[in-house]
$ cat query05.txt   # compact mmCIF, C-alpha atoms
# COMPACT_ATOMS: atom_id res chain seq x y z
CA ALA A 1 -22.73 20.50 15.42
CA GLN A 2 -20.20 19.08 12.99
CA SER A 3 -19.84 20.32 9.42
CA VAL A 4 -17.21 19.98 6.71
CA LYS A 5 -15.09 23.14 6.64
CA TRP A 6 -13.13 22.29 3.52
CA THR A 7 -12.27 19.27 1.38
CA VAL A 8 -9.12 18.38 -0.54
CA THR A 9 -9.45 15.71 -3.22
CA GLY A 10 -7.03 14.04 -5.62
CA ASN A 11 -6.78 16.17 -8.76
CA PRO A 12 -4.14 15.13 -11.35
CA GLU A 13 -4.48 18.44 -13.20
CA ALA A 14 -3.58 20.28 -9.99
CA ASN A 15 -0.74 17.79 -9.31
CA PHE A 16 -2.19 16.88 -5.93
CA PRO A 17 -1.19 13.51 -4.50
CA SER A 18 -3.32 10.58 -5.54
CA LEU A 19 -5.48 9.58 -2.59
CA ASP A 20 -5.10 5.86 -3.30
CA ARG A 21 -2.38 5.85 -0.63
CA ALA A 22 -2.91 9.18 1.10
CA MET A 23 -2.36 9.89 4.79
CA GLN A 24 -2.39 12.99 6.92
CA LEU A 25 -1.57 14.38 10.33
CA THR A 26 -2.43 17.64 12.03
CA ALA A 27 -0.18 20.02 13.96
CA PRO A 28 -0.82 22.79 16.50
CA GLY A 29 -2.58 25.74 14.95
CA GLY A 30 -4.64 23.55 12.62
CA TYR A 31 -1.95 22.93 10.00
CA VAL A 32 -2.30 19.69 8.05
CA TYR A 33 0.36 17.53 6.37
CA VAL A 34 -0.76 15.23 3.56
CA ALA A 35 1.34 12.51 1.91
CA GLY A 36 0.35 10.61 -1.20
CA ILE A 37 1.47 9.40 -4.61
CA LYS A 38 2.28 11.59 -7.60
CA THR A 39 2.69 9.95 -11.01
CA ASN A 40 4.89 11.50 -13.71
CA ASP A 41 4.49 11.32 -17.49
CA LYS A 42 6.50 8.07 -17.61
CA GLY A 43 4.00 6.34 -15.36
CA ASN A 44 6.37 6.27 -12.40
CA SER A 45 5.25 7.42 -8.98
CA ALA A 46 7.00 9.50 -6.34
CA ILE A 47 5.91 10.30 -2.79
CA GLU A 48 4.48 13.79 -2.48
CA LEU A 49 4.20 15.62 0.83
CA LYS A 50 2.24 18.85 1.27
CA MET A 51 1.62 21.28 4.09
CA LEU A 52 -1.79 22.98 4.23
CA ASN A 53 -2.87 25.90 6.38
CA PRO A 54 -6.01 25.73 8.58
CA GLU A 55 -8.13 26.91 5.62
CA GLY A 56 -6.85 24.14 3.34
CA LYS A 57 -4.50 26.30 1.26
CA GLU A 58 -1.25 24.66 0.15
CA LEU A 59 1.84 26.25 1.67
CA VAL A 60 4.68 23.84 0.84
CA ASN A 61 5.12 20.92 -1.57
CA VAL A 62 8.03 18.43 -1.63
CA LEU A 63 8.71 15.21 -3.52
CA SER A 64 10.64 12.13 -2.37
CA GLY A 65 11.95 9.43 -4.66
CA GLU A 66 11.29 11.25 -7.94
CA THR A 67 13.54 10.42 -10.90
CA MET A 68 13.03 10.45 -14.66
CA GLN A 69 14.63 7.03 -15.20
CA SER A 70 12.93 4.73 -17.68
CA VAL A 71 12.80 1.81 -15.24
CA PRO A 72 9.20 1.54 -13.98
CA TYR A 73 8.96 2.20 -10.27
CA SER A 74 6.17 2.76 -7.78
CA ASN A 75 7.10 4.59 -4.57
CA THR A 76 4.48 4.63 -1.82
CA PRO A 77 4.13 6.37 1.56
CA ASN A 78 3.47 4.31 4.68
CA LYS A 79 3.21 6.65 7.66
CA LEU A 80 3.57 10.27 8.79
CA LEU A 81 4.69 11.15 12.32
CA ARG A 82 5.37 14.37 14.21
CA ASP A 83 7.74 14.54 17.20
CA ILE A 84 7.53 16.74 20.29
CA ASN A 85 9.69 19.42 18.63
CA GLY A 86 7.48 19.68 15.55
CA TYR A 87 9.66 17.73 13.12
CA ILE A 88 7.90 15.58 10.52
CA TYR A 89 8.92 12.00 9.69
CA LEU A 90 7.84 10.32 6.46
CA ILE A 91 8.22 6.56 6.14
CA GLY A 92 7.72 4.91 2.77
CA THR A 93 8.92 2.44 0.16
CA GLU A 94 11.13 3.78 -2.62
CA TYR A 95 12.93 2.24 -5.59
CA ILE A 96 16.68 2.49 -4.93
CA ASP A 97 18.38 0.73 -7.84
CA ASP A 98 18.43 -2.58 -9.71
CA PHE A 99 20.42 -4.33 -6.97
CA TRP A 100 18.57 -3.15 -3.88
CA GLY A 101 15.19 -2.81 -5.53
CA TYR A 102 12.55 -1.35 -3.19
CA GLU A 103 13.70 -0.40 0.28
CA VAL A 104 12.26 1.28 3.35
CA VAL A 105 13.15 4.99 3.41
CA LEU A 106 12.88 7.28 6.46
CA THR A 107 12.96 11.03 5.84
CA LYS A 108 12.97 13.84 8.40
CA TYR A 109 11.70 17.36 7.68
CA ASP A 110 11.26 20.46 9.79
CA ALA A 111 7.80 21.98 10.24
CA LEU A 112 8.11 23.85 6.91
CA LEU A 113 9.20 20.64 5.11
CA ASN A 114 12.85 21.55 4.76
CA LEU A 115 14.81 18.31 4.45
CA GLN A 116 16.85 17.45 7.57
CA TRP A 117 18.09 13.98 6.67
CA GLN A 118 17.12 10.78 4.91
CA ARG A 119 18.00 7.19 5.78
CA VAL A 120 17.62 4.13 3.57
CA CYS A 121 16.97 1.03 5.66
CA TYR A 122 19.07 -1.49 3.77
CA THR A 123 17.74 -4.70 5.25
CA SER A 124 18.37 -7.19 2.45
CA SER A 125 19.36 -7.44 -1.19
CA ASP A 126 16.37 -9.62 -2.02
CA PHE A 127 14.18 -6.67 -3.04
CA ALA A 128 10.81 -5.46 -1.81
CA ASP A 129 11.45 -4.79 1.86
CA GLU A 130 8.32 -3.14 3.20
CA PRO A 131 7.53 -0.87 6.18
CA VAL A 132 4.56 -1.68 8.39
CA ASP A 133 4.61 0.80 11.26
CA ALA A 134 6.68 3.43 13.04
CA VAL A 135 6.55 5.08 16.47
CA ILE A 136 8.40 7.84 18.33
CA ASP A 137 9.51 6.86 21.84
CA ALA A 138 9.91 8.75 25.11
CA GLU A 139 13.45 9.85 24.16
CA ASN A 140 12.26 11.28 20.81
CA SER A 141 13.88 8.48 18.85
CA ILE A 142 12.02 6.96 15.93
CA ILE A 143 11.51 3.21 15.52
CA VAL A 144 10.66 1.77 12.10
CA ALA A 145 9.48 -1.80 11.61
CA GLY A 146 8.56 -3.96 8.65
CA TYR A 147 9.49 -7.18 6.98
CA MET A 148 12.06 -8.45 4.52
CA HIS A 149 11.13 -10.71 1.65
CA GLY A 150 13.43 -13.66 1.20
CA GLU A 151 14.22 -15.34 -2.10
CA ASN A 152 11.11 -15.58 -4.31
CA TYR A 153 9.12 -13.86 -1.56
CA ASN A 154 9.57 -16.78 0.81
CA ASN A 155 11.20 -16.86 4.25
CA HIS A 156 9.94 -13.51 5.47
CA LYS A 157 11.85 -11.88 8.32
CA ILE A 158 10.76 -8.93 10.39
CA PHE A 159 13.04 -6.02 11.25
CA ILE A 160 12.92 -3.23 13.84
CA ARG A 161 15.32 -0.29 13.43
CA LYS A 162 15.78 2.57 15.89
CA TYR A 163 17.23 5.99 14.99
CA ASP A 164 17.87 8.97 17.21
CA ALA A 165 16.68 12.47 16.30
CA ALA A 166 19.94 13.13 14.43
CA GLY A 167 19.44 10.07 12.21
CA GLU A 168 22.04 7.90 13.95
CA LEU A 169 21.18 4.20 13.83
CA LEU A 170 20.95 2.93 17.42
CA TYR A 171 20.02 -0.70 16.85
CA VAL A 172 18.62 -3.26 14.43
CA ALA A 173 16.55 -6.14 15.80
CA SER A 174 15.41 -9.10 13.72
CA PRO A 175 13.96 -12.09 15.61
CA GLU A 176 15.25 -15.35 14.18
CA ASN A 177 12.94 -17.74 12.38
CA ASN A 178 12.87 -21.26 13.81
CA GLY A 179 10.59 -24.28 14.09
CA GLU A 180 8.52 -22.59 16.74
CA ALA A 181 7.83 -19.55 14.61
CA LYS A 182 8.60 -18.31 11.11
CA TYR A 183 7.65 -14.64 11.22
CA LEU A 184 5.38 -13.80 8.31
CA ALA A 185 4.20 -10.26 8.93
CA LEU A 186 3.90 -7.46 11.47
CA CYS A 187 0.63 -5.75 12.29
CA GLY A 188 1.93 -2.88 14.41
CA LEU A 189 4.30 -1.32 16.95
CA LEU A 190 3.76 0.23 20.38
CA THR A 191 6.13 2.06 22.71
CA ASP A 192 5.64 2.75 26.42
CA ALA A 193 6.72 5.61 28.71
CA VAL A 194 10.22 4.16 29.29
CA GLY A 195 11.03 3.30 25.68
CA ASN A 196 10.16 -0.40 25.54
CA ILE A 197 8.88 -1.61 22.18
CA TYR A 198 6.06 -4.09 21.60
CA ALA A 199 5.72 -5.68 18.16
CA GLY A 200 2.79 -7.85 17.14
CA GLY A 201 2.09 -9.93 14.09
CA THR A 202 1.61 -13.35 12.56
CA ALA A 203 4.02 -16.26 12.55
CA GLU A 204 3.85 -19.76 11.13
CA SER A 205 4.78 -22.77 13.25
CA SER A 206 5.98 -26.22 12.23
CA PHE A 207 3.86 -27.66 15.06
CA ARG A 208 0.59 -25.91 14.24
CA GLY A 209 -0.81 -23.32 11.83
CA LYS A 210 -0.38 -19.57 11.86
CA ARG A 211 -0.07 -17.92 15.27
CA MET A 212 -0.38 -14.42 16.69
CA PHE A 213 2.82 -13.28 18.39
CA LEU A 214 3.93 -10.44 20.66
CA ILE A 215 7.56 -9.48 21.22
CA LYS A 216 8.84 -7.02 23.82
CA LEU A 217 12.18 -5.26 23.33
CA ASN A 218 13.85 -2.96 25.85
CA LYS A 219 15.06 0.47 24.75
CA GLU A 220 18.45 -0.99 23.75
CA GLY A 221 16.75 -3.43 21.35
CA SER A 222 17.25 -6.62 23.37
CA GLN A 223 14.35 -9.06 23.48
CA VAL A 224 12.68 -9.20 26.91
CA TRP A 225 10.02 -11.78 26.09
CA LYS A 226 8.07 -13.40 23.27
CA ARG A 227 4.51 -14.72 23.59
CA PHE A 228 1.99 -16.47 21.36
CA ALA A 229 -1.70 -15.64 21.64
CA ASP A 230 -3.13 -18.99 20.55
CA ALA A 231 -6.92 -19.09 20.63
CA THR A 232 -6.98 -22.89 20.91
CA ASN A 233 -4.60 -25.83 21.19
CA GLU A 234 -5.66 -27.09 17.77
CA ALA A 235 -3.64 -26.71 14.59
CA LEU A 236 -5.83 -23.91 13.24
CA ASN A 237 -4.76 -20.54 11.93
CA ASP A 238 -4.76 -17.35 14.03
CA GLU A 239 -3.79 -14.11 12.30
CA ALA A 240 -3.05 -10.74 13.92
CA ASN A 241 -4.18 -7.48 12.34
CA ALA A 242 -3.88 -4.84 15.09
CA ILE A 243 -2.42 -4.05 18.52
CA CYS A 244 -3.07 -1.31 21.07
CA PHE A 245 -2.62 -0.41 24.74
CA ASP A 246 -5.63 -0.43 27.01
CA LYS A 247 -6.19 2.19 29.70
CA ALA A 248 -4.10 0.22 32.23
CA GLY A 249 -1.13 -0.14 29.85
CA ASN A 250 -1.78 -3.78 28.95
CA ILE A 251 -1.11 -4.89 25.38
CA CYS A 252 -4.06 -6.04 23.28
CA ILE A 253 -3.56 -7.99 20.06
CA ALA A 254 -6.49 -8.64 17.77
CA GLY A 255 -7.31 -10.47 14.58
CA THR A 256 -9.06 -13.62 13.44
CA THR A 257 -9.08 -17.25 14.57
CA GLU A 258 -9.99 -20.08 12.24
CA THR A 259 -12.87 -22.27 13.40
CA GLY A 260 -13.24 -24.54 10.36
CA MET A 261 -13.12 -24.64 6.55
CA TYR A 262 -13.66 -21.03 5.43
CA LYS A 263 -14.92 -20.20 8.92
CA ALA A 264 -13.38 -17.72 11.33
CA LYS A 265 -14.29 -15.53 14.30
CA ASN A 266 -12.94 -12.38 15.89
CA TYR A 267 -10.20 -12.84 18.45
CA VAL A 268 -8.73 -10.40 21.00
CA ALA A 269 -6.05 -11.36 23.56
CA LYS A 270 -4.60 -9.19 26.31
CA PHE A 271 -1.15 -9.39 27.98
CA ASP A 272 0.39 -7.36 30.79
CA ILE A 273 3.81 -5.72 30.42
CA SER A 274 5.48 -8.80 31.95
CA GLY A 275 4.05 -11.02 29.23
CA HIS A 276 1.35 -12.73 31.27
CA LYS A 277 -1.84 -13.46 29.36
CA ILE A 278 -4.69 -11.73 31.18
CA SER A 279 -7.65 -12.59 28.99
CA ASP A 280 -8.82 -13.57 25.54
CA GLU A 281 -12.15 -13.45 23.78
CA VAL A 282 -13.53 -15.18 20.69
CA PHE A 283 -16.73 -13.60 19.37
CA ALA A 284 -18.85 -13.08 16.25
CA ASN A 285 -22.25 -11.72 15.33
CA GLY A 286 -23.33 -15.02 13.75
CA ASN A 287 -24.40 -13.52 10.42
CA ALA A 288 -21.21 -14.26 8.49
CA ALA A 289 -19.04 -17.30 7.94
CA LYS A 290 -15.84 -15.34 8.47
CA GLU A 291 -15.06 -12.41 10.70
CA GLY A 292 -11.83 -10.75 11.74
CA VAL A 293 -10.82 -7.71 13.78
CA TRP A 294 -8.83 -5.28 11.64
CA LYS A 295 -8.52 -2.30 13.98
CA ILE A 296 -8.74 -1.94 17.75
CA ILE A 297 -8.52 1.04 20.11
CA SER A 298 -9.09 1.74 23.81
CA ASP A 299 -10.99 4.64 25.34
CA ASP A 300 -10.19 6.44 28.60
CA LYS A 301 -12.73 4.37 30.54
CA GLY A 302 -11.10 1.02 29.85
CA SER A 303 -13.35 -0.21 27.04
CA LEU A 304 -12.00 -1.56 23.77
CA PHE A 305 -13.57 -0.83 20.40
CA ALA A 306 -12.94 -3.47 17.73
CA ILE A 307 -13.72 -2.92 14.06
CA ALA A 308 -14.29 -6.28 12.37
CA TYR A 309 -14.84 -7.19 8.74
CA ALA A 310 -17.20 -9.98 7.72
CA ALA A 311 -17.73 -12.25 4.71
CA ASN A 312 -19.78 -15.23 3.69
CA ASP A 313 -17.20 -16.58 1.23
CA LYS A 314 -13.43 -16.94 1.03
CA GLN A 315 -12.78 -13.20 0.81
CA MET A 316 -13.58 -10.45 3.29
CA ASN A 317 -16.05 -8.06 1.71
CA GLU A 318 -16.81 -4.41 2.31
CA GLN A 319 -18.86 -4.83 5.48
CA PHE A 320 -17.81 -4.05 9.02
CA THR A 321 -19.12 -4.32 12.56
CA ILE A 322 -18.16 -2.06 15.48
CA TYR A 323 -17.90 -3.98 18.77
CA LYS A 324 -17.49 -2.57 22.26
CA LEU A 325 -15.56 -4.79 24.69
CA SER A 326 -16.03 -3.64 28.26
CA PRO A 327 -14.07 -5.17 31.17
CA SER A 328 -17.18 -6.61 32.85
CA THR A 329 -19.51 -7.39 29.92
CA GLN A 330 -19.63 -9.51 26.78
CA PRO A 331 -18.71 -7.91 23.42
CA ARG A 332 -21.59 -5.70 22.31
CA ILE A 333 -22.39 -4.64 18.76
CA ILE A 334 -22.52 -0.84 18.36
CA ASN A 335 -23.34 -0.81 14.65
CA GLN A 336 -22.96 -2.65 11.35
CA MET A 337 -22.38 -0.90 8.04
CA LYS A 338 -21.54 -1.62 4.41
CA GLY A 339 -18.20 0.01 3.72
CA ARG A 340 -14.62 0.23 4.89
CA VAL A 341 -12.94 1.87 7.88
CA GLU A 342 -9.67 3.62 7.03
CA ASP A 343 -8.71 5.07 10.41
CA VAL A 344 -9.79 5.17 14.05
CA ALA A 345 -8.74 7.58 16.80
CA ILE A 346 -9.56 8.80 20.30
CA SER A 347 -10.15 12.52 20.89
CA LYS A 348 -9.06 14.41 24.02
CA SER A 349 -12.64 14.23 25.27
CA GLY A 350 -12.55 10.41 25.11
CA CYS A 351 -14.79 10.03 22.05
CA VAL A 352 -13.96 7.36 19.46
CA TRP A 353 -13.86 8.58 15.84
CA LEU A 354 -13.87 6.37 12.76
CA THR A 355 -13.34 7.53 9.17
CA GLY A 356 -13.77 5.64 5.93
CA SER A 357 -16.07 5.17 2.97
CA LEU A 358 -19.40 3.46 2.49
CA ASN A 359 -20.05 1.14 -0.42
CA ASN A 360 -21.62 4.00 -2.38
CA ARG A 361 -18.16 5.62 -2.13
CA GLN A 362 -19.50 8.31 0.20
CA GLY A 363 -17.07 9.31 2.89
CA PHE A 364 -18.19 9.06 6.48
CA VAL A 365 -17.16 10.00 10.02
CA TYR A 366 -18.57 7.93 12.88
CA ARG A 367 -18.43 9.23 16.44
CA ILE A 368 -18.96 7.25 19.65
CA CYS A 369 -19.19 9.24 22.90
CA GLY A 370 -20.23 7.16 25.89
CA SER A 371 -23.64 5.67 25.09
CA SER A 372 -24.16 8.01 22.12
CA ALA A 373 -23.16 7.06 18.57
CA LYS A 374 -23.64 9.20 15.48
CA LEU A 375 -22.92 8.76 11.77
CA LEU A 376 -21.73 11.90 9.99
CA TYR A 377 -21.23 12.15 6.23
CA ALA A 378 -18.34 13.91 4.57
CA ASP A 379 -19.24 16.21 1.68
CA ILE A 380 -17.25 14.41 -1.01
CA GLU A 381 -18.39 14.65 -4.61
CA SER A 382 -15.74 12.51 -6.31
CA PRO A 383 -16.82 8.85 -6.64
CA ASP A 384 -13.16 7.81 -6.85
CA ARG A 385 -12.26 9.24 -3.45
CA LYS A 386 -11.36 6.53 -0.92
$ encode --input "query05.txt" --output "structure tokens"
Amino acid sequence: AQSVKWTVTGNPEANFPSLDRAMQLTAPGGYVYVAGIKTNDKGNSAIELKMLNPEGKELVNVLSGETMQSVPYSNTPNKLLRDINGYIYLIGTEYIDDFWGYEVVLTKYDALLNLQWQRVCYTSSDFADEPVDAVIDAENSIIVAGYMHGENYNNHKIFIRKYDAAGELLYVASPENNGEAKYLALCGLLTDAVGNIYAGGTAESSFRGKRMFLIKLNKEGSQVWKRFADATNEALNDEANAICFDKAGNICIAGTTETGMYKAKNYVAKFDISGHKISDEVFANGNAAKEGVWKIISDDKGSLFAIAYAANDKQMNEQFTIYKLSPSTQPRIINQMKGRVEDVAISKSGCVWLTGSLNNRQGFVYRICGSSAKLLYADIESPDRK
């Protein structure tokens, strides 16, 4: 049986991080690290990181990016990672100064949140560079990726930066924009057992609309190959939202493919490590004008689980469908719910777990184990909790 053992909610009076942009990770022994936003009396926000014991009691509290300057700023966390030695990495966006504006900041802490080092990823002087994802590779190096805004938020460029455990910058990769592809956004990073990096996202082409792309870099940061996962040969828009490995180590990229005016379907494409396209699938439940896969994950039996949002107008609303994509069968609907999925993970036993909130703001946990699926509710009293 599953039951809620304890709950931590955003509480300004207790100076706990706002859960508008909260994230967490767990460590051996049941310790939990939570990162979020803390706002000071000037209305400016810093990134707050806390360590909780297995009973939910706060042990350590640190702030990153806090100043009392009068310039309004809004620092936000992006991701928390833990390496094989127990060190904690916090990736976020912080206000640097009037020239650099907002930049990507990578901070390393030990297990007790003592600061080890901090690196500011100066990627451009055009303000508002943003992180998207980060991974730790087989050599315990950390790779941070995001995109740079060009002048007036045009001419986006993506960047991938690799640091070793001591904070030494090993390489910076930034694929060049050209007529074939102007890179608009990243959707995620993957790293394999030998340190190769796979980056997926959305690009815009002069010859057609938006396109899903995959790029493979070797561990030195050199590009091995680049592929486009076009759903059709027509000049319609495909947009990537998620990538993952399947059980065999193939790379899956997922998102939405345009099928007409305000019409779109789910799209998942699969490539092997050499860049050969193995398969692709376009699917929808038929009840909505627009659908798009936002998260995708693989279980230990080779099936993919795609979480897709649906809408009957121009905007995606708070409704999602869970699909199971098995190697030998058509996509099958597991469930449909009104709400939003915030995270998805695979447990050691091979079960798929989803967390999020329903439209009544009630938190939920959804578990899929083989042919069994169960909806569990989190005991959350605050209606503002996301």
$ closest_residue --input "query05.txt" --among "A:Cys351, A:Leu214, A:Val60, A:Ala284" --to "A:Asp299" --atoms "all atoms listed in the file"
A:Cys351
$ residues_near_point --input "query05.txt" --point "(-8.4, -4.6, 16.2)" --cutoff "12 Å" --atoms "only C-alpha atoms" --output "ChimeraX atom specification"
/A:187-188,200-201,239-246,251-256,266-270,291-298,304-309,320-325,341,343-344
$ write_last_selection --input "query05.txt" --atoms "C-alpha atoms" --output "mmCIF file, keeping the file's coordinate frame"
data_model
loop_
_atom_site.group_PDB
_atom_site.id
_atom_site.type_symbol
_atom_site.label_atom_id
_atom_site.label_comp_id
_atom_site.auth_asym_id
_atom_site.auth_seq_id
_atom_site.Cartn_x
_atom_site.Cartn_y
_atom_site.Cartn_z
ATOM 1 C CA CYS A 187 0.630 -5.750 12.290
ATOM 2 C CA GLY A 188 1.930 -2.880 14.410
ATOM 3 C CA GLY A 200 2.790 -7.850 17.140
ATOM 4 C CA GLY A 201 2.090 -9.930 14.090
ATOM 5 C CA GLU A 239 -3.790 -14.110 12.300
ATOM 6 C CA ALA A 240 -3.050 -10.740 13.920
ATOM 7 C CA ASN A 241 -4.180 -7.480 12.340
ATOM 8 C CA ALA A 242 -3.880 -4.840 15.090
ATOM 9 C CA ILE A 243 -2.420 -4.050 18.520
ATOM 10 C CA CYS A 244 -3.070 -1.310 21.070
ATOM 11 C CA PHE A 245 -2.620 -0.410 24.740
ATOM 12 C CA ASP A 246 -5.630 -0.430 27.010
ATOM 13 C CA ILE A 251 -1.110 -4.890 25.380
ATOM 14 C CA CYS A 252 -4.060 -6.040 23.280
ATOM 15 C CA ILE A 253 -3.560 -7.990 20.060
ATOM 16 C CA ALA A 254 -6.490 -8.640 17.770
ATOM 17 C CA GLY A 255 -7.310 -10.470 14.580
ATOM 18 C CA THR A 256 -9.060 -13.620 13.440
ATOM 19 C CA ASN A 266 -12.940 -12.380 15.890
ATOM 20 C CA TYR A 267 -10.200 -12.840 18.450
ATOM 21 C CA VAL A 268 -8.730 -10.400 21.000
ATOM 22 C CA ALA A 269 -6.050 -11.360 23.560
ATOM 23 C CA LYS A 270 -4.600 -9.190 26.310
ATOM 24 C CA GLU A 291 -15.060 -12.410 10.700
ATOM 25 C CA GLY A 292 -11.830 -10.750 11.740
ATOM 26 C CA VAL A 293 -10.820 -7.710 13.780
ATOM 27 C CA TRP A 294 -8.830 -5.280 11.640
ATOM 28 C CA LYS A 295 -8.520 -2.300 13.980
ATOM 29 C CA ILE A 296 -8.740 -1.940 17.750
ATOM 30 C CA ILE A 297 -8.520 1.040 20.110
ATOM 31 C CA SER A 298 -9.090 1.740 23.810
ATOM 32 C CA LEU A 304 -12.000 -1.560 23.770
ATOM 33 C CA PHE A 305 -13.570 -0.830 20.400
ATOM 34 C CA ALA A 306 -12.940 -3.470 17.730
ATOM 35 C CA ILE A 307 -13.720 -2.920 14.060
ATOM 36 C CA ALA A 308 -14.290 -6.280 12.370
ATOM 37 C CA TYR A 309 -14.840 -7.190 8.740
ATOM 38 C CA PHE A 320 -17.810 -4.050 9.020
ATOM 39 C CA THR A 321 -19.120 -4.320 12.560
ATOM 40 C CA ILE A 322 -18.160 -2.060 15.480
ATOM 41 C CA TYR A 323 -17.900 -3.980 18.770
ATOM 42 C CA LYS A 324 -17.490 -2.570 22.260
ATOM 43 C CA LEU A 325 -15.560 -4.790 24.690
ATOM 44 C CA VAL A 341 -12.940 1.870 7.880
ATOM 45 C CA ASP A 343 -8.710 5.070 10.410
ATOM 46 C CA VAL A 344 -9.790 5.170 14.050
#
$ atom_distance --input "query05.txt" --atom1 "atom CA of A:Gly167" --atom2 "atom CA of A:Val135"
14.5 Å
$ residues_around --input "query05.txt" --residues "A:Leu376" --least-positions-apart "2" --cutoff "6 Å" --atoms "only C-alpha atoms" --output "list in words"
Phe364, Val365 and Tyr366 of chain A
$ residues_around --input "query05.txt" --residues "A:Ala185" --least-positions-apart "5" --cutoff "9 Å" --atoms "only C-alpha atoms" --output "list of chain:residue names"
A:Val132, A:Gly146, A:Tyr147, A:His156, A:Lys157, A:Ile158, A:Gly200, A:Gly201, A:Thr202, A:Ala203, A:Ala240
$ residues_near_point --input "query05.txt" --point "(4.9, -18.0, 27.9)" --cutoff "10 Å" --atoms "only C-alpha atoms" --output "MDAnalysis selection string"
chainID A and resid 225:229 275:277
$ write_last_selection --input "query05.txt" --atoms "C-alpha atoms" --output "mmCIF file, keeping the file's coordinate frame"
data_model
loop_
_atom_site.group_PDB
_atom_site.id
_atom_site.type_symbol
_atom_site.label_atom_id
_atom_site.label_comp_id
_atom_site.auth_asym_id
_atom_site.auth_seq_id
_atom_site.Cartn_x
_atom_site.Cartn_y
_atom_site.Cartn_z
ATOM 1 C CA TRP A 225 10.020 -11.780 26.090
ATOM 2 C CA LYS A 226 8.070 -13.400 23.270
ATOM 3 C CA ARG A 227 4.510 -14.720 23.590
ATOM 4 C CA PHE A 228 1.990 -16.470 21.360
ATOM 5 C CA ALA A 229 -1.700 -15.640 21.640
ATOM 6 C CA GLY A 275 4.050 -11.020 29.230
ATOM 7 C CA HIS A 276 1.350 -12.730 31.270
ATOM 8 C CA LYS A 277 -1.840 -13.460 29.360
#
$ atom_distance --input "query05.txt" --atom1 "atom CA of A:Asn40" --atom2 "atom CA of A:Gly92"
18.0 Å
$ closest_residue --input "query05.txt" --among "A:Ala289, A:Lys374, A:Gly339, A:Ile346" --to "A:Asn359" --atoms "all atoms listed in the file"
A:Gly339
$ axis_aligned_box --input "query05.txt" --around "stretch 171-186 of chain A" --padding-each-side "5 Å" --output "JSON"
{"center_x": 12.0, "center_y": -12.5, "center_z": 12.6, "size_x": 26.1, "size_y": 33.6, "size_z": 18.5}
$ residues_around --input "query05.txt" --residues "A:Gln223" --least-positions-apart "6" --cutoff "12 Å" --atoms "only C-alpha atoms" --output "PDB file with C-alpha atoms, keeping the file's coordinate frame"
ATOM      1  CA  ILE A 160      12.920  -3.230  13.840  1.00  0.00           C
ATOM      2  CA  VAL A 172      18.620  -3.260  14.430  1.00  0.00           C
ATOM      3  CA  ALA A 173      16.550  -6.140  15.800  1.00  0.00           C
ATOM      4  CA  SER A 174      15.410  -9.100  13.720  1.00  0.00           C
ATOM      5  CA  PRO A 175      13.960 -12.090  15.610  1.00  0.00           C
ATOM      6  CA  GLU A 176      15.250 -15.350  14.180  1.00  0.00           C
ATOM      7  CA  ASN A 196      10.160  -0.400  25.540  1.00  0.00           C
ATOM      8  CA  ILE A 197       8.880  -1.610  22.180  1.00  0.00           C
ATOM      9  CA  TYR A 198       6.060  -4.090  21.600  1.00  0.00           C
ATOM     10  CA  ALA A 199       5.720  -5.680  18.160  1.00  0.00           C
ATOM     11  CA  LEU A 214       3.930 -10.440  20.660  1.00  0.00           C
ATOM     12  CA  ILE A 215       7.560  -9.480  21.220  1.00  0.00           C
ATOM     13  CA  LYS A 216       8.840  -7.020  23.820  1.00  0.00           C
ATOM     14  CA  LEU A 217      12.180  -5.260  23.330  1.00  0.00           C
ATOM     15  CA  GLY A 275       4.050 -11.020  29.230  1.00  0.00           C
TER      16      GLY A 275
END
$ atom_distance --input "query05.txt" --atom1 "atom CA of A:Gln24" --atom2 "atom CA of A:Tyr89"
11.7 Å
$ closest_residue --input "query05.txt" --among "A:Thr39, A:Thr107, A:Asn360, A:Ser303" --to "A:Ala248" --atoms "only C-alpha atoms"
A:Ser303
$ residues_around --input "query05.txt" --residues "A:Leu113" --least-positions-apart "6" --cutoff "12 Å" --atoms "all atoms listed in the file" --output "number ranges by chain"
A: 32-35, 48-52, 59-64, 82, 86-90, 107
$ closest_residue --input "query05.txt" --among "A:Leu112, A:Val352, A:Ala145, A:Ala46" --to "A:Tyr31" --atoms "all atoms listed in the file"
A:Leu112
$ closest_residue --input "query05.txt" --among "A:Arg119, A:Lys162, A:Lys301, A:Lys290" --to "A:Ile136" --atoms "all atoms listed in the file"
A:Lys162
$ closest_residue --input "query05.txt" --among "A:Arg161, A:Lys182, A:Lys263, A:Lys57" --to "A:Gly209" --atoms "all atoms listed in the file"
A:Lys182
$ decode --input "query05.txt" --residues "stretch 192-196 of chain A" --atoms "N, CA and C atoms" --output "mmCIF file, in the first residue's frame"
data_model
loop_
_atom_site.group_PDB
_atom_site.id
_atom_site.type_symbol
_atom_site.label_atom_id
_atom_site.label_comp_id
_atom_site.auth_asym_id
_atom_site.auth_seq_id
_atom_site.Cartn_x
_atom_site.Cartn_y
_atom_site.Cartn_z
ATOM 1 N N ASP A 192 25.377 8.668 -23.284
ATOM 2 C CA ASP A 192 25.458 7.206 -23.254
ATOM 3 C C ASP A 192 26.643 6.732 -22.408
ATOM 4 N N ALA A 193 26.912 5.439 -22.429
ATOM 5 C CA ALA A 193 27.910 4.839 -21.537
ATOM 6 C C ALA A 193 29.334 5.256 -21.857
ATOM 7 N N VAL A 194 29.587 5.777 -23.055
ATOM 8 C CA VAL A 194 30.947 6.180 -23.434
ATOM 9 C C VAL A 194 31.099 7.690 -23.508
ATOM 10 N N GLY A 195 30.089 8.437 -23.096
ATOM 11 C CA GLY A 195 30.218 9.887 -23.021
ATOM 12 C C GLY A 195 29.724 10.665 -24.218
ATOM 13 N N ASN A 196 29.137 9.991 -25.214
ATOM 14 C CA ASN A 196 28.525 10.734 -26.313
ATOM 15 C C ASN A 196 27.313 11.508 -25.808
#
